[in-house]
Amino acid sequence: MRVLITGGAGFIGSHLTEAYLERGDEVYIIDNLSTGSMENIEFLQNDDRFRDRLFVHIDTILNHDTMLELIGICDTVFHLAAAVGVKYILDYPLESIKTNIQGTEKVLELCAKFRKKVLIASSSEVYGKHTHAPLVETDNIVYGPSSKFRWSYAASKLMDEFTALAYYRTGGLKVTIARLFNTIGIRQTGTYGMVVPRFIVQALKDDPLTVYGDGSQTRTFTGVKDVVRVFMALVENDESFGQVFNIGGIEEISMLDLAKKIIALTGSKSESVLIPYEEAYQADFEDMMRRVPSVEKVARLIGFKPHVNLDEILSEIVTFMR
Ligand SMILES: NC(=O)c1ccc[n+]([C@@H]2O[C@H](COP(=O)([O-])OP(=O)(O)OC[C@H]3O[C@@H](n4cnc5c(N)ncnc54)[C@H](O)[C@@H]3O)[C@@H](O)[C@H]2O)c1
């Protein structure tokens, strides 16, 4: 099989690339290296087993001609390229919206034209400001006003979902939507605001772990290998087309407790310090206080159970970063 992975030089994309290469498939990547890096995939390019099955295009998904060629020759498309990370969205507001809306529209339009299967990576951000748990795919959505730019990411991912579902309804596009909750693993970078790699880097340097707000906000974390397994199973299952699936961990933890756990795991001399949101991001910043998925829907379809516990995944990342 020929697989196209947009954003393949990114964190999740590089793991998905590795999994398909290990399975014996051909992988095409398109990535503009905005938040991804060649370091994430160089070990695959240098592996003799994969050399003639991995094709890397450094380009933007907004380039129509490149996308036309790549989608034309591949069987299945995983659309992971996006402007990601709260910090990145706030720093590059216009570029982020263009990538996330126009880029996804291009991918969907060409997949429909060539009748290719496609999985779209959406986000738990789509749910907005809920505090109840667990979040179910059919829940209502609550956002802040358009003056608060962090919501542009959620709104752009929601628009991607609507566009994907519209292509499914009008032309029968074989599209699956994966709403990812916080995913962690080796090769994730903390540069754009991702909490786990940011805390681990601080702990390994014995620097203070900077916890935003009062630290009571909670998240769940999934290992990237689980996410990759789910992606691969979903595109093989016809019943996933035209459907939205939560994919996430179920172990809820506050950011203050996460910081404590990482300090203990690394044996660091660091302490946690609380940083007001307006200092970390910008005035009027609103966070999502809680984000816990119901994974019943994906469990019913493909038998997904997040099976790696948080301590194990964190230990693997700490070892890698050391
Ligand atoms: N990691 C998570 O916790 C998480 C949570 C929810 C959703 N997601 C979604 O999963 C996908 C992958 O995220 P990730 O965590 O691997 O982030 P990442 O930043 O590592 O990957 C995104 C990749 O897309 C590339 N990219 C961005 N704009 C591009 C463009 N215009 N053209 C080509 N390439 C472009 C980047 O260089 C990067 O390699 C994203 O769509 C993201 O929204 C991730």
# chains A, B, ... in the order shown; residues from 1 in each chain; ligands from 1
>>> residues_near_ligand(ligand="ligand 1", cutoff="8 Å", atoms="only C-alpha atoms and all ligand atoms", output="ChimeraX atom specification")
/A:6-14,30-37,58-62,79-85,96,99-100,103,120-125,157,179-184,188-189,194,221
>>> residues_around(residues="range 172-178 of chain A", least_positions_apart="3", cutoff="8 Å", atoms="only C-alpha atoms", output="PyMOL selection string")
chain A and resi 111-112+115-123+161+164-165+167-169+231+234-235+238+240-247
>>> residues_around(residues="range 254-269 of chain A", least_positions_apart="6", cutoff="7 Å", atoms="only C-alpha atoms", output="number ranges by chain")
A: 199-200, 203-204, 206, 209, 211, 215-219, 315
>>> atom_distance(atom1="CA of Met321 in chain A", atom2="CA of Ser272 in chain A")
19.7 Å
>>> atom_distance(atom1="CA of His64 in chain A", atom2="CA of Leu110 in chain A")
9.2 Å
